[in-house]
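Okay, final-v4.cif is below, mmCIF, C-alpha atoms:
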data_target
#
loop_
_atom_site.label_atom_id
_atom_site.label_comp_id
_atom_site.auth_asym_id
_atom_site.auth_seq_id
_atom_site.Cartn_x
_atom_site.Cartn_y
_atom_site.Cartn_z
CA MET A 62 -22.94 -14.76 17.41
CA ASP A 63 -22.41 -15.95 20.97
CA HIS A 64 -19.38 -14.44 22.70
CA GLY A 65 -20.24 -15.91 26.04
CA GLY A 66 -19.40 -19.56 25.82
CA GLY A 67 -19.14 -22.27 23.22
CA GLY A 68 -19.20 -22.20 19.43
CA PHE A 69 -19.31 -18.83 17.76
CA VAL A 70 -20.41 -19.48 14.17
CA SER A 71 -23.73 -20.58 12.79
CA SER A 72 -22.31 -23.59 10.99
CA GLN A 73 -19.54 -25.95 11.98
CA GLN A 74 -18.41 -25.80 8.35
CA GLU A 75 -17.44 -22.17 8.91
CA LEU A 76 -14.72 -23.18 11.37
CA PRO A 77 -11.15 -23.42 10.07
CA GLN A 78 -10.01 -27.04 10.04
CA PRO A 79 -6.71 -27.38 11.93
CA ALA A 80 -6.17 -30.92 10.61
CA GLN A 81 -5.55 -29.44 7.16
CA ALA A 82 -2.43 -27.62 8.41
CA ARG A 83 0.81 -29.29 7.38
CA SER A 84 3.37 -26.73 8.58
CA PRO A 85 3.79 -24.11 11.33
CA ALA A 86 2.92 -21.33 8.86
CA GLU A 87 -0.32 -23.07 7.86
CA PHE A 88 -1.19 -23.66 11.51
CA ILE A 89 -0.70 -19.94 12.29
CA GLU A 90 -2.82 -19.14 9.25
CA ALA A 91 -5.64 -21.25 10.68
CA LEU A 92 -5.31 -19.54 14.09
CA ARG A 93 -5.66 -16.13 12.43
CA THR A 94 -8.77 -17.26 10.62
CA LEU A 95 -10.16 -18.58 13.90
CA ARG A 96 -9.65 -15.16 15.47
CA ILE A 97 -11.43 -13.40 12.59
CA ARG A 98 -14.32 -15.88 12.75
CA SER A 99 -14.67 -15.20 16.47
CA GLY A 100 -15.26 -11.47 15.87
CA LEU A 101 -13.03 -10.71 18.87
CA SER A 102 -10.21 -8.19 19.02
CA TYR A 103 -6.98 -8.94 20.92
CA ARG A 104 -8.37 -6.93 23.82
CA HIS A 105 -11.57 -8.98 23.92
CA LEU A 106 -9.61 -12.24 23.73
CA GLU A 107 -7.63 -11.12 26.76
CA ALA A 108 -10.87 -10.52 28.66
CA LYS A 109 -12.34 -13.86 27.55
CA ALA A 110 -9.21 -15.67 28.71
CA ALA A 111 -9.34 -13.92 32.08
CA ALA A 112 -12.95 -15.08 32.48
CA HIS A 113 -11.63 -18.65 32.22
CA GLY A 114 -8.87 -17.93 34.76
CA ASP A 115 -6.21 -17.76 32.02
CA SER A 116 -3.77 -15.04 30.99
CA LEU A 117 -3.58 -13.91 27.36
CA PRO A 118 -1.98 -10.44 27.06
CA THR A 119 -2.68 -8.62 23.80
CA SER A 120 1.06 -8.32 23.16
CA THR A 121 1.42 -12.11 23.43
CA THR A 122 -1.36 -12.71 20.90
CA ALA A 123 -0.02 -10.08 18.49
CA SER A 124 3.45 -11.60 18.66
CA ALA A 125 2.30 -15.21 18.30
CA LEU A 126 0.04 -14.49 15.32
CA GLY A 127 2.72 -12.36 13.66
CA ARG A 128 5.16 -15.23 13.28
CA SER A 129 5.35 -18.29 11.07
CA THR A 130 6.91 -20.43 13.80
CA LEU A 131 4.81 -22.79 15.90
CA PRO A 132 3.32 -21.17 19.04
CA ARG A 133 3.66 -22.78 22.44
CA GLU A 134 1.14 -25.42 23.43
CA ARG A 135 -0.16 -23.32 26.32
CA PHE A 136 -0.86 -20.38 23.99
CA VAL A 137 -2.87 -22.61 21.63
CA GLU A 138 -4.91 -23.95 24.53
CA VAL A 139 -5.73 -20.54 26.02
CA PHE A 140 -6.26 -18.84 22.65
CA THR A 141 -8.66 -21.42 21.21
CA ARG A 142 -10.66 -21.52 24.43
CA ALA A 143 -10.91 -17.71 24.44
CA CYS A 144 -12.16 -17.85 20.83
CA GLY A 145 -15.13 -19.86 22.09
CA LEU A 146 -14.15 -23.41 21.21
CA THR A 147 -15.29 -26.36 23.29
CA GLU A 148 -12.81 -28.49 25.23
CA GLU A 149 -13.08 -31.19 22.54
CA GLU A 150 -12.34 -28.68 19.77
CA THR A 151 -9.42 -27.21 21.73
CA HIS A 152 -8.02 -30.72 22.18
CA GLU A 153 -8.14 -31.21 18.41
CA TRP A 154 -6.07 -28.05 17.86
CA LEU A 155 -3.55 -29.23 20.46
CA GLU A 156 -3.26 -32.63 18.77
CA VAL A 157 -2.56 -30.99 15.41
CA ARG A 158 0.02 -28.71 16.97
CA GLY A 159 1.72 -31.74 18.56
CA ARG A 160 1.78 -33.57 15.23
CA ILE A 161 3.37 -30.63 13.45
CA ALA A 162 5.89 -30.11 16.26
CA THR A 163 6.91 -33.77 16.10
CA HIS A 164 7.28 -34.10 12.34
CA TRP A 165 8.25 -30.62 11.18
CA ALA A 166 11.96 -30.17 10.63
CA VAL A 167 13.72 -26.85 10.17
CA THR A 168 17.22 -25.95 9.21
CA VAL A 169 19.06 -24.04 11.90
CA GLU A 170 22.15 -22.19 10.84
CA GLN A 171 24.96 -23.31 13.12
CA LYS A 172 28.38 -21.82 12.62
CA THR A 173 30.97 -24.54 12.99
CA HIS A 174 34.68 -24.27 12.47
CA ASP A 175 34.18 -24.77 8.71
CA ASP A 176 31.08 -22.48 8.53
CA ARG A 177 28.79 -25.25 7.27
CA ASP A 178 25.02 -25.04 7.82
CA ILE A 179 23.76 -28.17 9.56
CA PRO A 180 20.13 -29.37 9.15
CA VAL A 181 18.83 -30.26 12.61
CA PRO A 182 15.59 -32.29 13.05
CA ILE A 183 13.83 -31.06 16.18
CA THR A 184 10.61 -31.74 18.05
CA ASP A 185 9.51 -28.16 18.68
CA THR A 186 10.20 -25.21 16.43
CA SER A 187 9.77 -22.79 19.32
CA VAL A 188 13.06 -24.06 20.74
CA ALA A 189 15.12 -24.18 17.57
CA VAL A 190 14.01 -21.19 15.52
CA ARG A 191 15.67 -18.06 16.81
CA ALA A 192 14.64 -15.16 14.65
CA ARG A 193 16.27 -11.75 14.77
CA ARG A 194 14.77 -9.07 17.00
CA SER A 195 14.52 -5.44 15.96
CA ARG A 196 12.02 -2.83 16.99
CA TYR A 197 9.44 -5.29 15.71
CA ALA A 198 8.33 -8.53 17.30
CA ALA A 199 10.63 -11.46 16.63
CA GLY A 200 9.95 -13.77 13.74
CA LEU A 201 8.70 -13.67 10.20
CA LEU A 202 5.20 -12.57 9.27
CA GLY A 203 3.30 -15.78 8.73
CA ALA A 204 0.32 -16.52 6.55
CA ALA A 205 -2.39 -13.91 6.13
CA LEU A 206 -6.04 -14.11 7.12
CA LEU A 207 -7.04 -16.72 4.50
CA GLY A 208 -10.36 -15.88 2.86
CA ALA A 209 -11.98 -14.93 6.15
CA ALA A 210 -12.72 -11.45 4.88
CA SER A 211 -13.44 -9.98 1.48
CA ALA A 212 -11.45 -7.21 -0.19
CA LEU A 213 -13.27 -4.77 2.09
CA GLY A 214 -12.87 -6.95 5.14
CA VAL A 215 -16.50 -8.09 5.31
CA ILE A 216 -17.19 -11.37 7.14
CA SER A 217 -19.05 -14.11 5.26
CA GLN A 218 -22.78 -13.49 5.15
CA SER A 219 -23.44 -17.05 6.33
CA GLN A 220 -22.49 -16.19 9.88
CA ASP A 221 -23.62 -13.68 12.47
CA ALA A 222 -21.20 -10.76 12.18
CA SER A 223 -22.37 -8.84 15.22
CA ALA A 224 -19.63 -6.93 17.03
CA PRO A 225 -18.56 -7.23 20.66
CA ALA A 226 -20.86 -5.28 22.94
CA ASP A 227 -18.51 -2.38 23.72
CA LEU A 228 -17.52 -1.63 20.09
CA PRO A 229 -19.94 -0.58 17.36
CA ALA A 230 -20.23 -2.59 14.15
CA THR A 231 -18.41 0.28 12.40
CA PRO A 232 -15.81 1.47 14.94
CA VAL A 233 -14.51 4.36 12.80
CA ASN A 234 -16.97 6.88 11.41
CA GLY A 235 -16.77 7.07 7.63
CA LEU A 236 -14.71 3.87 7.26
CA ARG A 237 -16.41 0.53 6.59
CA MET A 238 -14.04 -1.53 8.69
CA LEU A 239 -14.90 -4.40 11.02
CA ALA A 240 -15.05 -4.17 14.80
CA VAL A 241 -12.34 -6.84 14.81
CA GLY A 242 -10.08 -4.68 12.60
CA SER A 243 -9.24 -4.40 8.90
CA TRP A 244 -6.29 -4.28 6.51
CA VAL A 245 -5.77 -0.81 5.04
CA ARG A 246 -3.49 1.50 3.14
CA ILE A 247 -3.06 5.02 4.48
CA HIS A 248 -2.18 7.72 1.93
CA PRO A 249 -1.33 11.40 2.45
CA ALA A 250 -4.19 13.15 0.63
CA ARG A 251 -1.82 15.47 -1.28
CA THR A 252 0.26 12.54 -2.54
CA PRO A 253 -2.21 9.64 -2.88
CA GLU A 254 0.28 7.60 -4.92
CA ARG A 255 2.35 7.27 -1.74
CA CYS A 256 1.63 5.34 1.45
CA LEU A 257 2.34 5.83 5.11
CA THR A 258 4.99 3.17 5.63
CA GLU A 259 8.51 2.39 6.81
CA GLY A 260 11.52 4.60 6.21
CA ARG A 261 14.33 6.45 7.96
CA ASP A 262 14.81 9.87 9.54
CA ARG A 263 16.41 11.86 6.72
CA THR A 264 18.41 13.97 9.17
CA GLY A 265 20.24 10.83 10.29
CA ARG A 266 19.77 11.68 13.96
CA TYR A 267 17.54 8.67 14.64
CA PRO A 268 18.84 5.40 13.21
CA THR A 269 15.86 3.01 13.41
CA ALA A 270 12.67 2.68 11.37
CA VAL A 271 10.13 5.52 11.46
CA ALA A 272 6.92 6.33 9.59
CA VAL A 273 7.38 8.12 6.26
CA GLN A 274 5.59 8.51 2.95
CA ARG A 275 6.92 6.23 0.20
CA SER A 276 5.72 4.70 -3.03
CA CYS A 277 3.07 2.09 -2.27
CA THR A 278 4.74 -0.31 -4.72
CA ALA A 279 8.16 -0.35 -3.03
CA ALA A 280 9.34 -3.85 -2.10
CA GLY A 281 9.48 -5.20 1.45
CA LEU A 282 7.04 -2.77 3.02
CA PRO A 283 4.87 -3.71 6.02
CA GLU A 284 1.17 -4.43 5.62
CA VAL A 285 -1.00 -2.09 7.70
CA TYR A 286 -3.77 -3.30 10.03
CA LEU A 287 -6.10 -1.08 12.06
CA GLU A 288 -7.04 -2.66 15.41
CA PRO A 289 -9.96 -0.82 17.10
CA VAL A 290 -9.47 0.00 20.78
CA GLY A 291 -12.50 2.30 21.18
CA LYS A 292 -14.92 4.45 19.20
CA ASP A 293 -12.93 6.15 16.40
CA THR A 294 -9.71 5.03 18.12
CA VAL A 295 -7.27 2.44 16.77
CA GLN A 296 -3.81 0.96 16.98
CA ILE A 297 -1.92 1.20 13.70
CA GLN A 298 -0.16 -2.14 13.36
CA TRP A 299 2.59 -2.83 10.86
CA HIS A 300 2.88 -6.49 9.83
CA HIS A 301 6.39 -6.59 8.42
CA PRO A 302 7.51 -9.45 6.14
CA LYS A 303 10.73 -9.78 8.13
CA TYR A 304 10.19 -8.44 11.65
CA GLY A 305 6.59 -9.35 12.41
CA ILE A 306 4.08 -7.07 14.15
CA GLY A 307 4.88 -3.59 15.42
CA CYS A 308 2.57 -0.83 16.63
CA LEU A 309 3.19 2.75 15.56
CA THR A 310 4.24 4.70 18.64
CA VAL A 311 4.56 8.47 19.03
CA LEU A 312 8.03 9.37 20.35
CA SER A 313 8.00 12.17 22.91
CA LYS A 314 11.62 13.07 23.59
CA GLY A 315 15.16 13.11 22.31
CA SER A 316 16.28 13.43 18.70
CA ALA A 317 13.21 11.48 17.52
CA ARG A 318 10.65 13.66 19.28
CA ASN A 319 7.33 13.79 17.38
CA LEU A 320 8.34 11.01 14.97
CA LEU A 321 6.50 7.66 14.88
CA GLU A 322 8.31 4.37 15.40
CA PRO A 323 6.98 0.79 15.06
CA ARG A 324 7.48 -0.89 18.44
CA ASP A 325 7.08 -4.56 19.33
CA ASP A 326 5.63 -3.85 22.79
CA CYS A 327 2.04 -3.44 21.54
CA ALA A 328 -0.33 -2.74 24.44
CA ASP A 329 -3.90 -1.42 24.43
CA SER A 330 -3.09 0.61 27.54
CA ASN A 331 -0.26 2.55 25.84
CA ARG A 332 -1.80 5.88 24.82
CA ALA A 333 1.25 6.65 22.65
CA GLN A 334 0.08 3.75 20.45
CA GLN A 335 -3.53 4.94 20.16
CA PHE A 336 -4.78 7.17 17.35
CA ARG A 337 -8.12 8.89 16.94
CA ILE A 338 -9.40 8.76 13.36
CA ASP A 339 -11.60 11.79 12.63
CA HIS A 340 -13.65 11.77 9.44
CA VAL A 341 -13.58 15.09 7.55
CA GLY A 342 -15.00 16.11 4.19
CA SER A 343 -17.96 14.62 2.35
CA ARG A 344 -18.98 11.00 1.91
CA VAL A 345 -17.76 11.16 -1.68
CA SER A 346 -14.29 12.47 -0.84
CA ALA A 347 -13.73 11.10 2.64
CA ARG A 348 -10.56 12.29 4.32
CA PHE A 349 -9.31 11.66 7.82
CA LEU A 350 -7.32 13.41 10.49
CA ILE A 351 -5.12 11.02 12.46
CA ARG A 352 -4.61 12.29 16.00
CA PRO A 353 -2.40 10.66 18.65
CA VAL A 354 -4.51 10.16 21.76
CA SER A 355 -1.54 10.98 24.02
CA THR A 356 -1.32 14.58 22.75
CA GLY A 357 -4.47 15.38 20.77
CA GLN A 358 -2.30 16.80 18.00
CA CYS A 359 -2.44 15.84 14.30
CA LEU A 360 -0.19 13.75 12.10
CA SER A 361 1.27 15.57 9.12
CA LEU A 362 4.28 15.55 6.80
CA ARG A 363 7.44 17.16 8.13
CA ASP A 364 7.80 20.73 6.80
CA GLN A 365 4.76 20.07 4.55
CA ASP A 366 7.15 18.31 2.17
CA THR A 367 5.84 16.18 -0.70
CA GLU A 368 9.05 14.32 -1.50
CA GLU A 369 9.58 10.55 -1.32
CA GLY A 370 10.70 9.57 2.17
CA THR A 371 9.22 12.59 3.96
CA GLU A 372 8.78 11.77 7.64
CA VAL A 373 5.34 11.63 9.27
CA VAL A 374 5.31 13.74 12.46
CA GLN A 375 2.83 14.97 15.02
CA GLY A 376 2.18 18.67 15.45
CA ARG A 377 -0.43 21.33 16.09
CA CYS A 378 -3.68 20.75 14.22
CA SER A 379 -3.58 23.63 11.73
CA GLY A 380 -6.04 22.64 9.02
CA ALA A 381 -3.20 22.44 6.51
CA SER A 382 -3.69 20.03 3.62
CA ASP A 383 -0.71 17.88 4.64
CA GLN A 384 -2.70 16.76 7.71
CA ASP A 385 -5.38 15.07 5.59
CA PHE A 386 -5.09 11.32 4.94
CA LEU A 387 -6.98 8.82 2.79
CA ILE A 388 -7.63 5.32 4.14
CA ASP A 389 -8.36 2.48 1.71
CA LEU A 390 -9.61 -0.92 2.84
CA VAL A 391 -7.61 -3.65 1.09
CA PRO A 392 -7.65 -7.47 0.82
CA PRO A 393 -5.73 -9.52 3.37
CA PRO A 394 -2.10 -10.02 2.32
CA ARG A 395 -1.14 -13.23 0.59
CA THR A 396 0.28 -16.20 2.44
CA VAL A 397 4.08 -16.25 2.63
CA ALA A 398 6.16 -19.38 2.22
CA ALA A 399 7.18 -21.46 5.22
CA PRO A 400 10.78 -20.90 6.40
CA ASN A 401 13.31 -22.17 3.84
CA GLY A 402 10.42 -23.07 1.56
CA SER A 403 10.15 -26.40 3.33
CA GLY A 404 7.13 -28.63 3.63
CA ALA A 405 6.05 -30.99 6.35
CA ASN A 406 7.97 -34.22 6.76
#

Exercise: express the given structure as structure tokens:
Amino acid sequence: MDHGGGGFVSSQQELPQPAQARSPAEFIEALRTLRIRSGLSYRHLEAKAAAHGDSLPTSTTASALGRSTLPRERFVEVFTRACGLTEEETHEWLEVRGRIATHWAVTVEQKTHDDRDIPVPITDTSVAVRARRSRYAAGLLGAALLGAASALGVISQSQDASAPADLPATPVNGLRMLAVGSWVRIHPARTPERCLTEGRDRTGRYPTAVAVQRSCTAAGLPEVYLEPVGKDTVQIQWHHPKYGIGCLTVLSKGSARNLLEPRDDCADSNRAQQFRIDHVGSRVSARFLIRPVSTGQCLSLRDQDTEEGTEVVQGRCSGASDQDFLIDLVPPPRTVAAPNGSGAN
């Protein structure tokens, strides 16, 4: 795999075909697949863009790929070039984006005096679609990573899957994830039927979403993606079906001190969003300590509780069983429908 210049796969057939996209969601789906095929993390894409004299912050990429609305033309140009495409290939992606922007129509809810919803044909969804903002990035979670990875996140054997030079092929000891990142489920080891996911502070002192343990089958939960930022160190990204991408962030003060909140300002430089994953136990029964880089402490369950909705907090590493977590690699999430279930015009 060549990360220095042009094409990055051994066969042109391995490239996603942008011309097959018929909607903004399908176009975003193809961009995600392109990123996986490149073998580059958001951080590496930022560096590749800078080498071309462009700017591509990791937060911009995370936000753009976490939506199902059409990204700006400039983003598509910089992103595809950073992925290693030639100028001709980049031009093809821009042409497809322009076609979709011209012909795709969305319904924008406009409150008139009689409260009727008015369908408005537009020429660029980035202007007309105004999604809600929360603590997550704006917009809906778009399509998932196609079939670019297997259930364990392994890249197709027909291409060179070598990792970027400054990350090992297996960035987390004891976990067979890719250097580019993998989809996972994180379970408290004492309650493996539950997942680390979204909930609320049960004391009621902090009103927004925080990390808790809940049933893994509960509806509307975010998908979890581990993005490597160094050896045994990751961001824990939540890809929410409504609010897009948020990075778990350790809160250090106020009523929410020591809780974890998903924030939409993902940044590789934010140590409060970095977690060291330490492998403990045997190969057969692998368990992990999850330690915020900003403090060196350990994640655990508040008051060692086992109940549904128990908050995940940071605290002194004590060796208690509630500080052990299981991490399962899972298939990429399924594609979601385009907004309003519409198709291309």

List the residues sitting within 7 Å of (0.3, -17.6, 11.7) in the file's frame, using all atoms listed in the file, as a CSV table (one decimal) with C-alpha atoms, in the coordinates of the input.
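Writing the result to out.csv gives the following:
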chain,number,residue,atom,x,y,z
A,86,ALA,CA,2.9,-21.3,8.9
A,87,GLU,CA,-0.3,-23.1,7.9
A,88,PHE,CA,-1.2,-23.7,11.5
A,89,ILE,CA,-0.7,-19.9,12.3
A,90,GLU,CA,-2.8,-19.1,9.2
A,92,LEU,CA,-5.3,-19.5,14.1
A,93,ARG,CA,-5.7,-16.1,12.4
A,126,LEU,CA,0.0,-14.5,15.3
A,127,GLY,CA,2.7,-12.4,13.7
A,128,ARG,CA,5.2,-15.2,13.3
A,129,SER,CA,5.4,-18.3,11.1
A,203,GLY,CA,3.3,-15.8,8.7
A,204,ALA,CA,0.3,-16.5,6.6

What gap, in Å, lies between atom CA of Asp329 of chain A and atom CA of Gln296 of chain A? 7.8 Å

From (3.7, -5.4, 13.5), in the file's coordinates, out to 10 Å: which residues are reached, counting only C-alpha atoms? Answer as JSON, numbers by chain. {"A": [123, 124, 126, 127, 128, 196, 197, 198, 199, 202, 283, 284, 285, 286, 297, 298, 299, 300, 301, 302, 303, 304, 305, 306, 307, 308, 309, 323, 324, 325, 326, 327]}

Written as a ChimeraX atom specification, what is the full residue list that the PyMOL selection byres ((chain A and resi 146-153) around 10) yields on the file shown? /A:66-69,76,78-80,95,99,137-145,154-159

Could you work out how far atom CA of Asn319 of chain A lies from atom CA of Thr231 of chain A, giving the answer in Å with one decimal? 29.5 Å
